[in-house]
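Chemist: Got final.tsv for you, TSV, C-alpha atoms:
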chain	number	residue	atom	x	y	z
A	1	MET	CA	-29.18	25.28	17.62
A	2	ARG	CA	-26.44	23.92	15.37
A	3	SER	CA	-25.38	20.30	15.59
A	4	PRO	CA	-21.70	19.75	16.40
A	5	ARG	CA	-19.62	19.50	13.26
A	6	VAL	CA	-18.21	16.01	12.62
A	7	VAL	CA	-14.45	16.22	12.17
A	8	LYS	CA	-13.36	13.58	9.68
A	9	PRO	CA	-9.98	11.86	10.00
A	10	MET	CA	-7.29	12.78	7.48
A	11	ILE	CA	-5.54	10.12	5.41
A	12	GLY	CA	-2.30	10.79	3.54
A	13	ILE	CA	-2.07	9.21	0.07
A	14	SER	CA	1.42	8.85	-1.40
A	15	CYS	CA	2.04	10.47	-4.78
A	16	CYS	CA	4.44	9.65	-7.60
A	17	THR	CA	6.46	12.01	-9.75
A	18	LYS	CA	4.91	11.92	-13.22
A	19	GLN	CA	5.22	14.04	-16.34
A	20	PHE	CA	2.08	15.56	-17.82
A	21	GLY	CA	1.19	17.94	-20.62
A	22	ILE	CA	2.77	18.71	-23.94
A	23	PHE	CA	5.95	19.95	-22.26
A	24	GLY	CA	6.33	16.98	-19.92
A	25	MET	CA	6.20	19.08	-16.77
A	26	PRO	CA	6.78	17.09	-13.55
A	27	ASN	CA	3.69	16.66	-11.40
A	28	HIS	CA	2.82	14.93	-8.14
A	29	ALA	CA	0.05	12.43	-8.79
A	30	ALA	CA	-2.01	9.63	-7.26
A	31	SER	CA	-4.71	7.61	-9.00
A	32	ASP	CA	-8.31	8.66	-8.48
A	33	THR	CA	-9.14	5.15	-7.22
A	34	TYR	CA	-7.38	5.80	-3.89
A	35	VAL	CA	-9.11	9.13	-3.43
A	36	ARG	CA	-12.51	7.61	-4.14
A	37	ALA	CA	-11.94	4.73	-1.71
A	38	THR	CA	-10.94	7.24	0.97
A	39	ASP	CA	-13.96	9.44	0.26
A	40	GLU	CA	-16.62	6.83	-0.34
A	41	VAL	CA	-15.63	3.79	1.74
A	42	ILE	CA	-13.64	5.20	4.63
A	43	GLY	CA	-15.40	8.56	4.85
A	44	ALA	CA	-12.14	10.39	5.54
A	45	VAL	CA	-10.42	13.42	4.01
A	46	PRO	CA	-7.81	12.42	1.39
A	47	VAL	CA	-4.58	14.41	1.54
A	48	LEU	CA	-2.12	13.91	-1.33
A	49	LEU	CA	1.48	13.62	-0.14
A	50	PRO	CA	3.91	14.99	-2.72
A	51	ALA	CA	6.93	12.98	-3.75
A	52	ASN	CA	9.32	15.62	-2.49
A	53	GLY	CA	12.02	13.35	-1.11
A	54	PRO	CA	14.25	14.83	1.59
A	55	MET	CA	12.21	18.04	1.65
A	56	ALA	CA	9.29	16.17	3.22
A	57	ASP	CA	8.66	17.10	6.85
A	58	ILE	CA	7.76	13.64	8.15
A	59	GLU	CA	7.06	14.63	11.74
A	60	THR	CA	4.75	17.47	10.74
A	61	LEU	CA	2.83	15.15	8.41
A	62	LEU	CA	2.38	12.55	11.14
A	63	ASP	CA	1.31	15.23	13.62
A	64	ARG	CA	-1.66	15.92	11.37
A	65	LEU	CA	-2.50	12.63	9.65
A	66	ASP	CA	-4.65	9.85	11.11
A	67	GLY	CA	-3.65	7.22	8.56
A	68	ILE	CA	-1.57	6.60	5.43
A	69	ILE	CA	-2.25	4.77	2.16
A	70	LEU	CA	0.85	3.82	0.19
A	71	THR	CA	-0.18	3.56	-3.45
A	72	GLY	CA	0.81	1.41	-6.40
A	73	SER	CA	2.91	2.75	-9.27
A	74	ARG	CA	4.67	1.77	-12.48
A	75	SER	CA	7.97	2.85	-10.95
A	76	ASN	CA	10.14	0.44	-8.96
A	77	VAL	CA	11.87	0.95	-5.63
A	78	GLN	CA	15.54	1.79	-6.18
A	79	PRO	CA	17.62	-1.40	-5.73
A	80	GLY	CA	20.35	0.45	-3.84
A	81	LEU	CA	17.91	0.81	-0.96
A	82	TYR	CA	17.94	-2.96	-0.37
A	83	ASP	CA	21.42	-3.81	-1.70
A	84	GLY	CA	20.05	-5.23	-4.94
A	85	PRO	CA	21.74	-5.20	-8.36
A	86	PRO	CA	21.02	-2.27	-10.69
A	87	HIS	CA	17.72	-2.31	-12.54
A	88	ALA	CA	17.65	-3.28	-16.20
A	89	GLU	CA	17.95	-0.30	-18.56
A	90	GLY	CA	14.64	1.47	-18.98
A	91	THR	CA	13.15	0.34	-15.66
A	92	PRO	CA	11.19	3.30	-14.23
A	93	GLU	CA	12.34	4.58	-10.84
A	94	ASP	CA	11.10	7.43	-8.64
A	95	PRO	CA	13.85	8.46	-6.18
A	96	ALA	CA	11.83	11.42	-4.90
A	97	ARG	CA	8.99	9.08	-3.92
A	98	ASP	CA	11.40	6.65	-2.25
A	99	GLY	CA	12.84	9.62	-0.39
A	100	ILE	CA	9.57	10.31	1.43
A	101	THR	CA	7.82	6.94	1.63
A	102	LEU	CA	10.56	4.89	3.30
A	103	PRO	CA	11.26	7.28	6.21
A	104	LEU	CA	7.51	7.95	6.45
A	105	ILE	CA	6.85	4.22	6.88
A	106	ARG	CA	9.44	3.84	9.61
A	107	ALA	CA	8.17	6.88	11.49
A	108	ALA	CA	4.51	5.86	11.11
A	109	VAL	CA	5.21	2.36	12.44
A	110	ALA	CA	7.10	3.82	15.39
A	111	ARG	CA	4.21	6.17	16.20
A	112	GLY	CA	1.47	3.61	15.67
A	113	VAL	CA	-0.18	5.51	12.79
A	114	PRO	CA	-2.45	3.14	10.79
A	115	LEU	CA	-0.98	2.29	7.41
A	116	LEU	CA	-2.33	0.42	4.38
A	117	ALA	CA	0.32	-0.49	1.80
A	118	ILE	CA	-0.75	-1.46	-1.74
A	119	CYS	CA	1.41	-2.90	-4.57
A	120	ARG	CA	4.48	-0.59	-4.77
A	121	GLY	CA	3.57	0.55	-1.28
A	122	PHE	CA	3.65	-3.10	-0.18
A	123	GLN	CA	7.17	-3.38	-1.57
A	124	GLU	CA	8.17	-0.09	0.08
A	125	LEU	CA	6.93	-1.40	3.42
A	126	ASN	CA	9.17	-4.44	3.13
A	127	VAL	CA	12.24	-2.42	2.08
A	128	ALA	CA	11.70	0.29	4.71
A	129	LEU	CA	11.72	-2.33	7.48
A	130	GLY	CA	14.82	-4.15	6.23
A	131	GLY	CA	13.63	-6.61	3.59
A	132	SER	CA	14.61	-7.05	-0.06
A	133	LEU	CA	12.88	-7.45	-3.42
A	134	HIS	CA	12.94	-9.54	-6.56
A	135	GLN	CA	13.11	-7.12	-9.49
A	136	ARG	CA	11.41	-9.12	-12.26
A	137	ILE	CA	9.56	-12.11	-10.93
A	138	GLN	CA	8.62	-13.27	-14.44
A	139	ASP	CA	12.32	-13.87	-15.19
A	140	LEU	CA	12.81	-16.23	-12.25
A	141	PRO	CA	12.57	-20.01	-12.67
A	142	ASP	CA	9.41	-21.70	-11.36
A	143	ARG	CA	7.64	-18.37	-10.87
A	144	MET	CA	4.43	-17.05	-12.39
A	145	ASP	CA	4.21	-13.93	-14.53
A	146	HIS	CA	2.71	-11.42	-12.09
A	147	SER	CA	3.03	-8.45	-14.44
A	148	THR	CA	0.27	-6.29	-15.89
A	149	PRO	CA	-1.60	-7.89	-18.80
A	150	MET	CA	-1.04	-5.75	-21.90
A	151	GLN	CA	-4.73	-5.34	-22.65
A	152	PRO	CA	-6.55	-2.14	-23.61
A	153	SER	CA	-9.56	-3.19	-21.52
A	154	SER	CA	-9.22	-2.17	-17.86
A	155	ARG	CA	-11.73	-4.87	-16.97
A	156	ILE	CA	-9.32	-7.50	-18.29
A	157	ARG	CA	-6.18	-5.85	-16.87
A	158	GLN	CA	-7.67	-5.52	-13.41
A	159	SER	CA	-9.53	-8.82	-13.22
A	160	LYS	CA	-8.67	-11.67	-10.85
A	161	ALA	CA	-5.47	-13.31	-12.04
A	162	HIS	CA	-4.67	-16.03	-9.52
A	163	ALA	CA	-5.50	-17.40	-6.09
A	164	ILE	CA	-3.50	-16.94	-2.91
A	165	ARG	CA	-3.32	-19.20	0.13
A	166	VAL	CA	-4.30	-17.27	3.23
A	167	THR	CA	-2.52	-17.90	6.54
A	168	PRO	CA	-5.00	-19.66	8.85
A	169	GLY	CA	-5.90	-17.60	11.91
A	170	GLY	CA	-4.19	-14.45	10.65
A	171	TRP	CA	-5.44	-10.94	9.95
A	172	LEU	CA	-6.40	-11.63	6.35
A	173	HIS	CA	-8.05	-14.96	7.21
A	174	ARG	CA	-10.26	-13.31	9.79
A	175	LEU	CA	-11.17	-10.56	7.35
A	176	ALA	CA	-11.79	-12.81	4.32
A	177	GLY	CA	-13.34	-15.73	6.18
A	178	ALA	CA	-11.52	-18.08	3.78
A	179	THR	CA	-8.17	-19.82	3.38
A	180	GLU	CA	-8.03	-19.07	-0.35
A	181	ILE	CA	-8.94	-15.89	-2.20
A	182	ALA	CA	-8.60	-14.59	-5.78
A	183	VAL	CA	-6.63	-11.41	-6.51
A	184	ASN	CA	-5.56	-9.27	-9.43
A	185	SER	CA	-1.88	-9.11	-10.35
A	186	LEU	CA	-0.12	-6.06	-11.82
A	187	HIS	CA	3.49	-6.02	-10.63
A	188	ASN	CA	7.03	-6.96	-11.64
A	189	GLN	CA	8.74	-6.63	-8.26
A	190	GLY	CA	7.91	-8.73	-5.23
A	191	ILE	CA	9.23	-9.68	-1.82
A	192	ASN	CA	12.48	-11.66	-1.77
A	193	GLN	CA	13.57	-11.54	1.88
A	194	LEU	CA	10.73	-10.70	4.25
A	195	ALA	CA	11.60	-7.81	6.57
A	196	PRO	CA	12.06	-8.49	10.28
A	197	GLY	CA	8.82	-7.75	12.10
A	198	LEU	CA	6.62	-8.51	9.10
A	199	VAL	CA	4.38	-11.59	9.11
A	200	ALA	CA	3.23	-13.24	5.87
A	201	GLU	CA	-0.57	-13.34	5.62
A	202	GLY	CA	-1.02	-14.75	2.11
A	203	VAL	CA	1.10	-16.54	-0.51
A	204	ALA	CA	0.67	-17.02	-4.29
A	205	PRO	CA	0.84	-20.52	-5.83
A	206	ASP	CA	4.51	-19.93	-6.74
A	207	GLY	CA	5.42	-19.04	-3.15
A	208	LEU	CA	5.51	-15.27	-3.56
A	209	ILE	CA	4.29	-13.41	-0.46
A	210	GLU	CA	1.18	-11.38	-1.32
A	211	ALA	CA	-0.03	-10.02	2.04
A	212	VAL	CA	1.69	-8.99	5.28
A	213	ARG	CA	1.15	-7.26	8.59
A	214	VAL	CA	3.54	-5.73	11.09
A	215	ALA	CA	3.64	-7.95	14.16
A	216	ALA	CA	3.18	-6.54	17.64
A	217	SER	CA	6.17	-6.96	19.94
A	218	GLU	CA	5.91	-7.52	23.65
A	219	ALA	CA	9.40	-6.07	24.10
A	220	GLY	CA	8.92	-2.95	21.99
A	221	PRO	CA	6.53	-0.02	21.83
A	222	ALA	CA	2.89	-0.46	20.90
A	223	ILE	CA	2.47	-1.30	17.20
A	224	GLY	CA	-0.46	0.16	15.32
A	225	TYR	CA	-2.49	-1.17	12.42
A	226	VAL	CA	-0.02	-1.76	9.58
A	227	VAL	CA	-0.96	-4.14	6.76
A	228	GLY	CA	0.01	-4.56	3.13
A	229	VAL	CA	-1.27	-6.34	0.03
A	230	GLN	CA	0.49	-6.92	-3.27
A	231	TRP	CA	-2.73	-6.62	-5.29
A	232	HIS	CA	-5.08	-3.67	-5.89
A	233	PRO	CA	-8.26	-3.65	-3.76
A	234	GLU	CA	-8.90	-0.04	-4.83
A	235	TYR	CA	-9.87	-1.28	-8.31
A	236	ASP	CA	-12.92	-3.32	-7.35
A	237	TRP	CA	-14.18	-2.35	-3.88
A	238	ARG	CA	-17.59	-1.63	-5.39
A	239	THR	CA	-18.03	-5.25	-6.51
A	240	ASP	CA	-15.66	-7.30	-4.35
A	241	THR	CA	-16.58	-7.91	-0.72
A	242	LEU	CA	-13.02	-8.45	0.50
A	243	SER	CA	-11.64	-5.38	-1.29
A	244	ARG	CA	-14.28	-3.22	0.38
A	245	ALA	CA	-13.64	-4.90	3.75
A	246	ILE	CA	-9.91	-4.06	3.52
A	247	PHE	CA	-10.72	-0.35	3.27
A	248	GLU	CA	-13.50	-0.55	5.86
A	249	GLN	CA	-11.24	-2.20	8.44
A	250	PHE	CA	-8.45	0.26	7.72
A	251	GLY	CA	-10.97	3.06	8.13
A	252	ALA	CA	-12.05	1.69	11.51
A	253	ALA	CA	-8.40	1.65	12.62
A	254	VAL	CA	-7.94	5.23	11.38
A	255	ARG	CA	-10.97	6.45	13.33
A	256	ALA	CA	-9.84	4.60	16.45
A	257	TYR	CA	-6.40	6.19	16.14
A	258	ALA	CA	-7.87	9.65	15.62
A	259	ASP	CA	-10.18	9.27	18.63
A	260	ALA	CA	-7.39	7.90	20.81
A	261	ALA	CA	-5.02	10.68	19.75
A	262	ARG	CA	-7.54	13.30	20.81
A	263	LEU	CA	-7.85	11.55	24.15
A	264	GLY	CA	-4.12	10.88	24.52
A	265	GLY	CA	-4.54	7.13	24.03
A	266	VAL	CA	-2.93	4.54	21.76
A	267	SER	CA	-3.86	2.93	18.45
A	268	ILE	CA	-5.01	-0.62	17.69
A	269	ALA	CA	-3.02	-3.36	15.95
A	270	ALA	CA	-4.05	-5.57	13.05
A	271	ASP	CA	-3.53	-8.71	15.09
Taking this structure as input, can you express it in the form of structure tokens?
Modeler:
Amino acid sequence: MRSPRVVKPMIGISCCTKQFGIFGMPNHAASDTYVRATDEVIGAVPVLLPANGPMADIETLLDRLDGIILTGSRSNVQPGLYDGPPHAEGTPEDPARDGITLPLIRAAVARGVPLLAICRGFQELNVALGGSLHQRIQDLPDRMDHSTPMQPSSRIRQSKAHAIRVTPGGWLHRLAGATEIAVNSLHNQGINQLAPGLVAEGVAPDGLIEAVRVAASEAGPAIGYVVGVQWHPEYDWRTDTLSRAIFEQFGAAVRAYADAARLGGVSIAAD
């Protein structure tokens, strides 16, 4: 007699528009690190979400997905989406990615679909919910240089760069078991105005917000598990306890959502 087949949850992973090959053909791409974390830590099925802008069928995606990972990228969120000044010449943008991720975030939050936002995804989460961004933190007075170290060694580029102060009693504090943690740092943009409904969970020494969660509201609909980090836990989950725990907790929320959806229930929140 056959054992019942285990149906794994499905996690959407946001892609970027990138050019590959000798002819520079446009492709939809996400780094292997996110796929491996989904496969090996969460035990879910990774589904790459193309950066197809307004052609994306958000409701159909959310009908089928049990969670979403918003990935990092070299490209920056378009400043017109948060009433910012134009980017400096040569700054990479990806309008097609913005065109799917921002409405996807708003719809996922409204539905209670678990969401983990990383680096650019962290910035997208803030913009999608009404916040704004600094475009080049390293150009601001009294701020650290948070940008990617120009080193050929990935071990150096992705190593811990600075500490962050963790909000006592919050989601990240409970997960890390500490009020200070070390993180890598590979970004130019960062949160300026925090979006309404987001709660800061960790702050860099220069005051830049590095971790957030969407707060539950007693007046509104049930809020699911939605968290974001400015750093890259997908780089070192094999060696870093907290990085692995971030994916494990997200995976638990994804499975709870998938089980509840099959039973007609509701999802769980990060707080």
Chemist: When distances are computed from all atoms listed in the file, which of A:Pro85, A:Ala128, A:Pro114, A:Ala253 shows the smallest separation from Leu102 in chain A?
Modeler: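 The closest residue to Leu102 in chain A is A:Ala128.
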Chemist: Could you check which of A:Gly224, A:Asn27, A:Leu104, A:Arg165 is closest to Asp63 in chain A, using all atoms listed in the file?
Modeler: A:Leu104
Chemist: Which residues come within 10 Å of Gly207 in chain A, counting all atoms listed in the file, excluding same-chain residues fewer than 3 positions away, as a list in words?
Modeler: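 Listed by chain and then number, they are Asp142, Arg143, Met144, Ile164, Arg165, Gly202, Val203, Ala204 and Glu210 of chain A.
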Chemist: Looking at only C-alpha atoms, which of A:Leu116, A:Val7, A:Ile181, A:Ile58 is the one that sits closest to Thr241 in chain A?
Modeler: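 Of the candidates, the smallest distance to Thr241 in chain A is held by A:Ile181.
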Chemist: Quick check, in Å to one decimal: how far apart do CA of Tyr257 in chain A and CA of Arg111 in chain A lie?
Modeler: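 Those two atoms sit 10.6 Å apart.
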Chemist: Mind pulling up the distance from CA of Ile13 in chain A to CA of Arg36 in chain A?
Modeler: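 Here the two named atoms are 11.4 Å from each other.
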Chemist: Between CA of Asn76 in chain A and CA of Met55 in chain A, what is the spacing in Å?
Modeler: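 If I compute the distance from CA of Met55 in chain A to CA of Asn76 in chain A, I get 20.7 Å.
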Chemist: For the contact check between range 115-186 of chain A and range 228-232 of chain A, emit one row per residue of range 115-186 of chain A within 8 Å, containing the shortest atom pair and the distance in Å rounded to one decimal, counting all atoms listed in the file, chain then rising number order, as a tab-separated table.
Modeler:
residue	atom	partner	partner_atom	distance
A:Leu116	CA	A:Gly228	CA	5.6
A:Ala117	CA	A:Gly228	CA	4.3
A:Ile118	CA	A:Val229	CA	5.2
A:Cys119	CA	A:Gln230	CA	4.3
A:Arg120	CA	A:Gln230	CA	7.6
A:Gly121	CA	A:Gly228	CA	7.6
A:Phe122	CA	A:Gly228	CA	5.1
A:Gln123	CA	A:Gln230	CA	7.7
A:Leu125	CA	A:Gly228	CA	7.6
A:Val183	CA	A:Trp231	CA	6.3
A:Asn184	CA	A:Trp231	CA	5.7
A:Ser185	CA	A:Trp231	CA	5.7
A:Leu186	CA	A:Trp231	CA	7.1
Chemist: Might you pull out every residue within 10 Å of Ile246 in chain A, with all atoms listed in the file counted and same-chain residues fewer than 3 positions away left off, and present them as a PyMOL selection string?
Modeler: chain A and resi 41+116+172+175-176+227-229+233-234+237+241-243+249-251
Chemist: Quick one: of A:Thr33, A:Asn126, A:Ser14, A:Asn192, who's nearest to Thr71 in chain A, counting all atoms listed in the file?
Modeler: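 When distances to Thr71 in chain A are compared using all atoms listed in the file, the smallest one comes from A:Ser14.
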Chemist: Report as a list in words all protein, DNA and RNA residues lying within 7 Å of Gln78 in chain A, evaluated on all atoms listed in the file, omitting residues in the same chain fewer than 2 positions from it.
Modeler: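 Near neighbours after the sequence-gap exclusion: Asn76, Gly80, Leu81, Glu93 and Pro95 of chain A.
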Chemist: Pick from A:His173, A:Leu140, A:Pro205, A:Asp236: nearest to Tyr34 in chain A, with all atoms listed in the file counted?
Modeler: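 For Tyr34 in chain A, the nearest of the candidates is A:Asp236.
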Chemist: Of the candidates A:Arg106, A:Leu194, A:Gly67, A:Gln135, which shows the shortest atom-to-atom distance to Ala211 in chain A, using all atoms listed in the file?
Modeler: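 Smallest distance to Ala211 in chain A is found for A:Leu194.
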